[in-house]
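Q: Structure supplied as upload.cif; contents: mmCIF, C-alpha atoms.
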data_coords
#
loop_
_atom_site.group_PDB
_atom_site.id
_atom_site.type_symbol
_atom_site.label_atom_id
_atom_site.label_comp_id
_atom_site.auth_asym_id
_atom_site.auth_seq_id
_atom_site.Cartn_x
_atom_site.Cartn_y
_atom_site.Cartn_z
ATOM 1 C CA MET O 1 42.342 63.755 -22.095
ATOM 2 C CA ILE O 2 38.998 65.439 -22.552
ATOM 3 C CA ASP O 3 38.930 69.205 -22.048
ATOM 4 C CA LEU O 4 36.223 70.332 -19.605
ATOM 5 C CA ALA O 5 37.310 73.960 -19.401
ATOM 6 C CA GLY O 6 34.259 76.166 -19.013
ATOM 7 C CA ARG O 7 32.076 73.182 -18.094
ATOM 8 C CA VAL O 8 30.291 72.571 -14.788
ATOM 9 C CA ALA O 9 30.051 69.192 -13.054
ATOM 10 C CA VAL O 10 27.843 68.272 -10.095
ATOM 11 C CA VAL O 11 28.942 65.288 -7.994
ATOM 12 C CA THR O 12 26.605 63.874 -5.351
ATOM 13 C CA GLY O 13 28.355 61.820 -2.699
ATOM 14 C CA GLY O 14 31.336 64.026 -3.487
ATOM 15 C CA GLY O 15 32.842 63.668 -0.034
ATOM 16 C CA GLY O 16 33.283 59.886 -0.197
ATOM 17 C CA GLY O 17 36.341 58.005 -1.357
ATOM 18 C CA ILE O 18 35.055 57.418 -4.881
ATOM 19 C CA GLY O 19 33.218 60.740 -5.122
ATOM 20 C CA SER O 20 36.196 62.813 -3.992
ATOM 21 C CA GLU O 21 38.491 61.127 -6.515
ATOM 22 C CA ILE O 22 35.976 61.828 -9.273
ATOM 23 C CA CYS O 23 35.827 65.481 -8.158
ATOM 24 C CA ARG O 24 39.609 65.720 -8.391
ATOM 25 C CA ARG O 25 39.616 64.177 -11.850
ATOM 26 C CA LEU O 26 36.887 66.468 -13.202
ATOM 27 C CA ALA O 27 38.667 69.528 -11.799
ATOM 28 C CA THR O 28 41.955 68.356 -13.322
ATOM 29 C CA LEU O 29 40.162 68.125 -16.669
ATOM 30 C CA GLY O 30 39.136 71.771 -16.298
ATOM 31 C CA ALA O 31 35.597 71.636 -14.909
ATOM 32 C CA SER O 32 34.156 73.761 -12.137
ATOM 33 C CA VAL O 33 32.925 71.163 -9.632
ATOM 34 C CA VAL O 34 29.970 71.299 -7.256
ATOM 35 C CA VAL O 35 30.807 68.907 -4.413
ATOM 36 C CA CYS O 36 27.472 67.795 -2.967
ATOM 37 C CA VAL O 37 27.336 65.953 0.375
ATOM 38 C CA ALA O 38 24.592 64.871 2.762
ATOM 39 C CA GLU O 39 26.680 65.768 5.821
ATOM 40 C CA ARG O 40 30.226 66.719 6.833
ATOM 41 C CA LEU O 41 30.116 69.954 4.850
ATOM 42 C CA GLU O 42 33.466 71.022 6.307
ATOM 43 C CA ARG O 43 35.131 68.024 4.665
ATOM 44 C CA ALA O 44 33.518 68.897 1.323
ATOM 45 C CA GLU O 45 34.627 72.516 1.658
ATOM 46 C CA ALA O 46 38.188 71.387 2.287
ATOM 47 C CA LEU O 47 38.021 69.174 -0.798
ATOM 48 C CA ALA O 48 36.576 71.956 -2.964
ATOM 49 C CA GLY O 49 39.301 74.310 -1.759
ATOM 50 C CA SER O 50 42.012 71.799 -2.652
ATOM 51 C CA LEU O 51 40.843 71.115 -6.195
ATOM 52 C CA PRO O 52 42.903 72.433 -9.105
ATOM 53 C CA GLY O 53 41.391 75.255 -11.095
ATOM 54 C CA ALA O 54 38.749 77.664 -9.832
ATOM 55 C CA GLY O 55 35.037 78.115 -9.343
ATOM 56 C CA HIS O 56 34.426 75.034 -7.187
ATOM 57 C CA LEU O 57 31.617 74.899 -4.635
ATOM 58 C CA ALA O 58 30.718 72.663 -1.682
ATOM 59 C CA VAL O 59 27.018 72.245 -0.891
ATOM 60 C CA ARG O 60 25.028 70.145 1.561
ATOM 61 C CA ALA O 61 21.916 68.539 0.065
ATOM 62 C CA ARG O 62 20.417 65.117 0.687
ATOM 63 C CA VAL O 63 19.550 63.234 -2.486
ATOM 64 C CA ASP O 64 16.495 61.716 -0.781
ATOM 65 C CA ASP O 65 15.078 65.224 -0.266
ATOM 66 C CA SER O 66 13.620 66.464 -3.557
ATOM 67 C CA SER O 67 13.129 69.997 -2.244
ATOM 68 C CA ALA O 68 16.822 70.147 -1.310
ATOM 69 C CA LEU O 69 17.734 68.960 -4.801
ATOM 70 C CA ALA O 70 15.534 71.646 -6.350
ATOM 71 C CA ALA O 71 17.321 74.226 -4.217
ATOM 72 C CA LEU O 72 20.685 72.783 -5.274
ATOM 73 C CA ALA O 73 19.702 73.044 -8.938
ATOM 74 C CA ALA O 74 18.545 76.633 -8.438
ATOM 75 C CA LEU O 75 21.797 77.549 -6.674
ATOM 76 C CA THR O 76 23.831 75.943 -9.447
ATOM 77 C CA ALA O 77 21.856 77.778 -12.111
ATOM 78 C CA ALA O 78 22.305 81.102 -10.317
ATOM 79 C CA THR O 79 26.034 80.526 -9.757
ATOM 80 C CA TYR O 80 27.076 79.037 -13.099
ATOM 81 C CA GLY O 81 24.114 79.230 -15.474
ATOM 82 C CA ARG O 82 24.757 75.686 -16.718
ATOM 83 C CA VAL O 83 25.439 72.051 -15.809
ATOM 84 C CA ASP O 84 27.227 69.767 -18.245
ATOM 85 C CA VAL O 85 28.061 66.676 -16.172
ATOM 86 C CA LEU O 86 26.124 65.012 -13.346
ATOM 87 C CA ILE O 87 27.739 62.224 -11.326
ATOM 88 C CA ASN O 88 25.432 60.259 -9.025
ATOM 89 C CA ALA O 89 27.873 58.818 -6.484
ATOM 90 C CA ALA O 90 25.750 59.094 -3.335
ATOM 91 C CA GLY O 91 24.848 55.749 -1.819
ATOM 92 C CA VAL O 92 24.271 53.851 1.409
ATOM 93 C CA THR O 93 24.444 50.263 2.571
ATOM 94 C CA ARG O 94 25.096 48.091 5.627
ATOM 95 C CA PRO O 95 26.425 44.524 5.731
ATOM 96 C CA VAL O 96 23.669 41.960 6.310
ATOM 97 C CA PRO O 97 24.200 38.265 5.464
ATOM 98 C CA HIS O 98 22.011 37.380 2.496
ATOM 99 C CA ALA O 99 20.401 34.425 4.282
ATOM 100 C CA ASP O 100 19.529 36.536 7.337
ATOM 101 C CA LEU O 101 16.212 37.833 6.060
ATOM 102 C CA GLU O 102 15.025 39.065 9.455
ATOM 103 C CA SER O 103 17.989 41.411 9.903
ATOM 104 C CA LEU O 104 17.289 43.098 6.559
ATOM 105 C CA ASP O 105 14.558 45.191 8.130
ATOM 106 C CA ASP O 106 12.081 47.395 6.310
ATOM 107 C CA GLU O 107 13.735 50.611 7.466
ATOM 108 C CA LEU O 108 17.095 49.646 5.977
ATOM 109 C CA ILE O 109 15.499 48.428 2.736
ATOM 110 C CA ASP O 110 13.611 51.696 2.341
ATOM 111 C CA GLN O 111 16.714 53.768 3.101
ATOM 112 C CA ILE O 112 18.804 51.900 0.526
ATOM 113 C CA PHE O 113 16.261 52.326 -2.251
ATOM 114 C CA ARG O 114 15.437 55.897 -1.214
ATOM 115 C CA VAL O 115 19.072 56.980 -1.493
ATOM 116 C CA ASN O 116 20.598 54.629 -4.074
ATOM 117 C CA TRP O 117 17.767 54.551 -6.605
ATOM 118 C CA ARG O 118 15.268 57.307 -5.911
ATOM 119 C CA GLY O 119 18.036 59.737 -5.005
ATOM 120 C CA SER O 120 19.813 59.168 -8.307
ATOM 121 C CA PHE O 121 16.584 59.516 -10.271
ATOM 122 C CA ALA O 122 15.503 62.633 -8.374
ATOM 123 C CA THR O 123 18.886 64.270 -8.961
ATOM 124 C CA VAL O 124 18.644 63.674 -12.707
ATOM 125 C CA ARG O 125 15.112 65.059 -12.612
ATOM 126 C CA ALA O 126 16.294 68.202 -10.812
ATOM 127 C CA PHE O 127 19.083 68.893 -13.325
ATOM 128 C CA GLN O 128 17.453 67.580 -16.520
ATOM 129 C CA THR O 129 16.651 70.996 -17.995
ATOM 130 C CA MET O 130 20.168 72.369 -17.541
ATOM 131 C CA LEU O 131 21.800 69.175 -18.788
ATOM 132 C CA ALA O 132 19.636 69.209 -21.924
ATOM 133 C CA ALA O 133 20.280 72.899 -22.588
ATOM 134 C CA GLY O 134 23.984 72.428 -23.278
ATOM 135 C CA ASP O 135 25.846 70.879 -26.164
ATOM 136 C CA GLY O 136 25.937 67.336 -24.828
ATOM 137 C CA GLY O 137 25.030 66.799 -21.185
ATOM 138 C CA VAL O 138 26.196 63.592 -19.518
ATOM 139 C CA VAL O 139 24.848 61.697 -16.501
ATOM 140 C CA ILE O 140 27.040 59.000 -14.961
ATOM 141 C CA ASN O 141 25.498 56.813 -12.282
ATOM 142 C CA ILE O 142 27.917 54.987 -9.974
ATOM 143 C CA SER O 143 26.487 51.495 -9.868
ATOM 144 C CA SER O 144 28.042 48.215 -8.660
ATOM 145 C CA VAL O 145 28.894 44.750 -9.932
ATOM 146 C CA ALA O 146 26.564 43.592 -7.132
ATOM 147 C CA GLY O 147 23.685 44.506 -9.428
ATOM 148 C CA VAL O 148 24.876 41.805 -11.823
ATOM 149 C CA THR O 149 26.257 39.110 -9.520
ATOM 150 C CA GLY O 150 23.750 39.410 -6.667
ATOM 151 C CA LEU O 151 26.750 39.310 -4.330
ATOM 152 C CA GLY O 152 27.158 42.322 -2.090
ATOM 153 C CA SER O 153 26.671 43.862 1.317
ATOM 154 C CA ASN O 154 23.029 42.778 1.414
ATOM 155 C CA VAL O 155 20.183 41.697 -0.864
ATOM 156 C CA ALA O 156 18.563 45.136 -0.991
ATOM 157 C CA TYR O 157 21.848 46.797 -1.968
ATOM 158 C CA CYS O 158 22.289 44.355 -4.865
ATOM 159 C CA ALA O 159 18.724 45.001 -6.011
ATOM 160 C CA SER O 160 19.140 48.772 -5.752
ATOM 161 C CA LYS O 161 22.213 48.711 -7.990
ATOM 162 C CA ALA O 162 20.452 46.502 -10.540
ATOM 163 C CA ALA O 163 17.684 49.108 -10.485
ATOM 164 C CA VAL O 164 20.227 51.891 -11.081
ATOM 165 C CA ASP O 165 21.500 50.081 -14.190
ATOM 166 C CA SER O 166 17.945 49.593 -15.437
ATOM 167 C CA MET O 167 17.254 53.288 -14.837
ATOM 168 C CA THR O 168 20.409 54.156 -16.775
ATOM 169 C CA ARG O 169 19.087 52.324 -19.836
ATOM 170 C CA SER O 170 15.607 53.833 -19.513
ATOM 171 C CA LEU O 171 16.848 57.389 -19.086
ATOM 172 C CA ALA O 172 19.395 56.993 -21.887
ATOM 173 C CA ARG O 173 16.470 56.309 -24.204
ATOM 174 C CA ALA O 174 14.204 58.972 -22.710
ATOM 175 C CA LEU O 175 16.725 61.834 -22.608
ATOM 176 C CA ALA O 176 18.466 61.219 -25.941
ATOM 177 C CA PRO O 177 19.817 62.878 -27.972
ATOM 178 C CA ALA O 178 20.405 65.878 -25.691
ATOM 179 C CA VAL O 179 21.741 63.930 -22.692
ATOM 180 C CA ARG O 180 23.816 60.760 -22.532
ATOM 181 C CA VAL O 181 23.307 58.479 -19.517
ATOM 182 C CA LEU O 182 25.766 55.766 -18.457
ATOM 183 C CA SER O 183 26.613 53.626 -15.436
ATOM 184 C CA VAL O 184 30.101 53.042 -14.095
ATOM 185 C CA SER O 185 29.928 49.753 -12.201
ATOM 186 C CA PRO O 186 32.791 49.003 -9.791
ATOM 187 C CA GLY O 187 33.466 45.820 -7.909
ATOM 188 C CA TRP O 188 35.066 46.034 -4.486
ATOM 189 C CA VAL O 189 36.954 49.330 -4.211
ATOM 190 C CA GLU O 190 39.927 49.923 -1.925
ATOM 191 C CA GLY O 191 38.955 52.572 0.615
ATOM 192 C CA GLU O 192 37.238 53.213 3.935
ATOM 193 C CA TYR O 193 34.459 50.657 3.453
ATOM 194 C CA ALA O 194 36.772 47.890 2.267
ATOM 195 C CA ALA O 195 39.195 48.672 5.078
ATOM 196 C CA SER O 196 36.420 47.986 7.604
ATOM 197 C CA MET O 197 35.934 44.446 6.285
ATOM 198 C CA PRO O 198 37.807 41.331 7.495
ATOM 199 C CA THR O 199 41.097 40.858 5.666
ATOM 200 C CA GLU O 200 40.183 37.263 4.811
ATOM 201 C CA LEU O 201 37.020 38.471 3.045
ATOM 202 C CA LEU O 202 39.011 40.898 0.904
ATOM 203 C CA ALA O 203 41.586 38.213 0.151
ATOM 204 C CA ALA O 204 38.806 35.891 -1.008
ATOM 205 C CA GLN O 205 37.404 38.616 -3.255
ATOM 206 C CA ARG O 206 40.796 39.204 -4.833
ATOM 207 C CA ALA O 207 41.240 35.467 -5.368
ATOM 208 C CA ALA O 208 37.836 35.220 -7.081
ATOM 209 C CA THR O 209 38.630 38.116 -9.439
ATOM 210 C CA PRO O 210 40.489 37.252 -12.660
ATOM 211 C CA LEU O 211 42.794 40.284 -12.440
ATOM 212 C CA GLY O 212 43.661 39.396 -8.855
ATOM 213 C CA ARG O 213 43.162 42.855 -7.373
ATOM 214 C CA LEU O 214 40.466 45.194 -6.184
ATOM 215 C CA ALA O 215 39.678 48.427 -7.964
ATOM 216 C CA THR O 216 40.798 51.787 -6.593
ATOM 217 C CA PRO O 217 38.986 55.137 -6.601
ATOM 218 C CA VAL O 218 41.429 56.194 -9.333
ATOM 219 C CA ASP O 219 40.241 53.251 -11.468
ATOM 220 C CA VAL O 220 36.662 54.475 -11.078
ATOM 221 C CA ALA O 221 37.671 58.039 -11.975
ATOM 222 C CA ASP O 222 39.435 56.639 -15.063
ATOM 223 C CA ALA O 223 36.162 55.016 -16.124
ATOM 224 C CA VAL O 224 34.261 58.264 -15.584
ATOM 225 C CA GLU O 225 36.754 60.103 -17.769
ATOM 226 C CA ALA O 226 36.473 57.393 -20.429
ATOM 227 C CA ALA O 227 32.668 57.604 -20.331
ATOM 228 C CA LEU O 228 32.849 61.343 -20.941
ATOM 229 C CA MET O 229 34.986 60.743 -24.032
ATOM 230 C CA LEU O 230 32.690 58.055 -25.510
ATOM 231 C CA ARG O 231 30.451 60.489 -27.351
ATOM 232 C CA SER O 232 28.647 57.748 -29.297
ATOM 233 C CA THR O 233 27.869 55.685 -26.188
ATOM 234 C CA THR O 234 24.752 55.907 -24.034
ATOM 235 C CA GLY O 235 22.798 53.434 -21.930
ATOM 236 C CA ALA O 236 25.967 51.397 -21.363
ATOM 237 C CA ILE O 237 27.183 49.805 -18.130
ATOM 238 C CA ILE O 238 30.962 50.250 -17.862
ATOM 239 C CA ALA O 239 32.456 47.621 -15.564
ATOM 240 C CA VAL O 240 35.395 48.418 -13.259
ATOM 241 C CA ASP O 241 35.439 45.065 -11.496
ATOM 242 C CA GLY O 242 38.567 43.190 -12.588
ATOM 243 C CA GLY O 243 36.354 40.670 -14.376
ATOM 244 C CA ARG O 244 34.656 39.682 -11.126
ATOM 245 C CA PRO O 245 31.527 38.125 -12.745
ATOM 246 C CA LEU O 246 33.844 35.710 -14.602
ATOM 247 C CA GLY O 247 35.058 34.372 -11.283
ATOM 248 C CA VAL O 248 31.653 33.778 -9.671
#
Produce structure tokens that represent the structure in this file.

A:
Amino acid sequence: MIDLAGRVAVVTGGGGGIGSEICRRLATLGASVVVCVAERLERAEALAGSLPGAGHLAVRARVDDSSALAALAALTAATYGRVDVLINAAGVTRPVPHADLESLDDELIDQIFRVNWRGSFATVRAFQTMLAAGDGGVVINISSVAGVTGLGSNVAYCASKAAVDSMTRSLARALAPAVRVLSVSPGWVEGEYAASMPTELLAAQRAATPLGRLATPVDVADAVEAALMLRSTTGAIIAVDGGRPLGV
């Protein structure tokens, strides 16, 4: 296990199934965690209060609002004086059949790219100075196998996650050597979103995945922990998909 005692981690989308599990893992490793959510602050406060260790904080800030992100960075600087780990787990989507081009309206497309791509970039931009000031800042973007397979909730979502992986490579080059940047790329993950899908769809996804099971939020948190330990790795896309592209 990596020791994050004395370190500070910011997690956007921290109230979601994946984000909350990552928050728990980072706190277990010793970090003080800033749980950032776009809404449902009470839920984030309950999560922050339940985390092991001390010094955790719940904050509401939308990643598609750059002024809110600047305020979040200022609050974090005033509270802790540092940021060592940034997890971009905020994201949105909505199921739209890929062949139904009319239903993938401009408003949804813009929202997906505004949150999934621009939001991740803007968050890195807001925290870049603090991440670079430490002794090895790390950014981990939560991507998706949809960015590789082109199979996902809708065409725009797939494209946004491919863009996140491309951004990961670009920023890994641009921010080195002070900051490492990686993507953790899950396939289908057991949780609220998967539970809302038809059982036959999930069964088909399991059958098309070589390992025969869907990932869990714990699997994603495992990959985040591994990424933190890989000190000679940057610009990499770490798959947590059960080998799903092999079954396409």

Q: Find, counting only C-alpha atoms, the residue in O:Leu57, O:Ala203, O:Ile22, O:Ile87 that gets nearest to Val220 (chain O).

A: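 Among the listed residues, the smallest separation from Val220 (chain O) belongs to O:Ile22.
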
Q: Show me, as a PDB file with C-alpha atoms, in the coordinates of the input, the residues that have an atom within 12 Å of Ser67 (chain O) when counting all atoms listed in the file, minus same-chain residues fewer than 5 positions from it.

A:
ATOM      1  CA  ALA O  61      21.916  68.539   0.065  1.00  0.00           C
ATOM      2  CA  ARG O  62      20.417  65.117   0.687  1.00  0.00           C
ATOM      3  CA  LEU O  72      20.685  72.783  -5.274  1.00  0.00           C
ATOM      4  CA  ALA O  73      19.702  73.044  -8.938  1.00  0.00           C
ATOM      5  CA  ALA O  74      18.545  76.633  -8.438  1.00  0.00           C
ATOM      6  CA  GLY O 119      18.036  59.737  -5.005  1.00  0.00           C
ATOM      7  CA  ALA O 122      15.503  62.633  -8.374  1.00  0.00           C
ATOM      8  CA  THR O 123      18.886  64.270  -8.961  1.00  0.00           C
ATOM      9  CA  ARG O 125      15.112  65.059 -12.612  1.00  0.00           C
ATOM     10  CA  ALA O 126      16.294  68.202 -10.812  1.00  0.00           C
TER      11      ALA O 126
END

Q: Rounded to one decimal place, report the CA of Ala54 (chain O)-CA of Ser32 (chain O) distance in Å.

A: 6.5 Å

Q: Enumerate, as a JSON list (two decimals) with C-alpha atoms, in the coordinates of the input, the protein, DNA and RNA residues whose atoms approach (22.8, 35.2, 2.1) to within 10 Å, taking into account only C-alpha atoms and the coordinate frame of the file.

A:
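Below is the file that was written, result.json:
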[["chain", "number", "residue", "atom", "x", "y", "z"],
["O", 96, "VAL", "CA", 23.67, 41.96, 6.31],
["O", 97, "PRO", "CA", 24.20, 38.26, 5.46],
["O", 98, "HIS", "CA", 22.01, 37.38, 2.50],
["O", 99, "ALA", "CA", 20.40, 34.42, 4.28],
["O", 100, "ASP", "CA", 19.53, 36.54, 7.34],
["O", 101, "LEU", "CA", 16.21, 37.83, 6.06],
["O", 150, "GLY", "CA", 23.75, 39.41, -6.67],
["O", 151, "LEU", "CA", 26.75, 39.31, -4.33],
["O", 152, "GLY", "CA", 27.16, 42.32, -2.09],
["O", 153, "SER", "CA", 26.67, 43.86, 1.32],
["O", 154, "ASN", "CA", 23.03, 42.78, 1.41],
["O", 155, "VAL", "CA", 20.18, 41.70, -0.86]]

Q: Choose the residue, out of O:Gly147, O:Gly17, O:Gly137, O:Gly55, that has the smallest atom-to-atom separation from Ala221 (chain O); count all atoms listed in the file.

A: O:Gly17

Q: Got a sec: who's within 12 Å of Leu4 (chain O), counting all atoms listed in the file, leaving out chain neighbours fewer than 6 positions off, as a list in words?

A: Arg25, Leu26, Ala27, Thr28, Leu29, Gly30, Ala31, Ser32, Val33, Gly53, Val83, Asp84, Val85, Gly136, Gly137, Glu225, Leu228 and Met229 of chain O

Q: If you measure from CA of Ala5 (chain O) to CA of Gly134 (chain O), what distance in Å do you get, rounded to one decimal?

A: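 So the answer is 14.0 Å.
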
Q: Compile the contact shell of region 186-195 of chain O as a list in words: residues with an atom at most 7 Å away, counting only C-alpha atoms, same-chain residues fewer than 5 positions apart removed.

A: Gly17, Ser143, Ser144, Val145, Leu214, Ala215, Thr216, Pro217, Val220, Ala239, Val240 and Asp241 of chain O
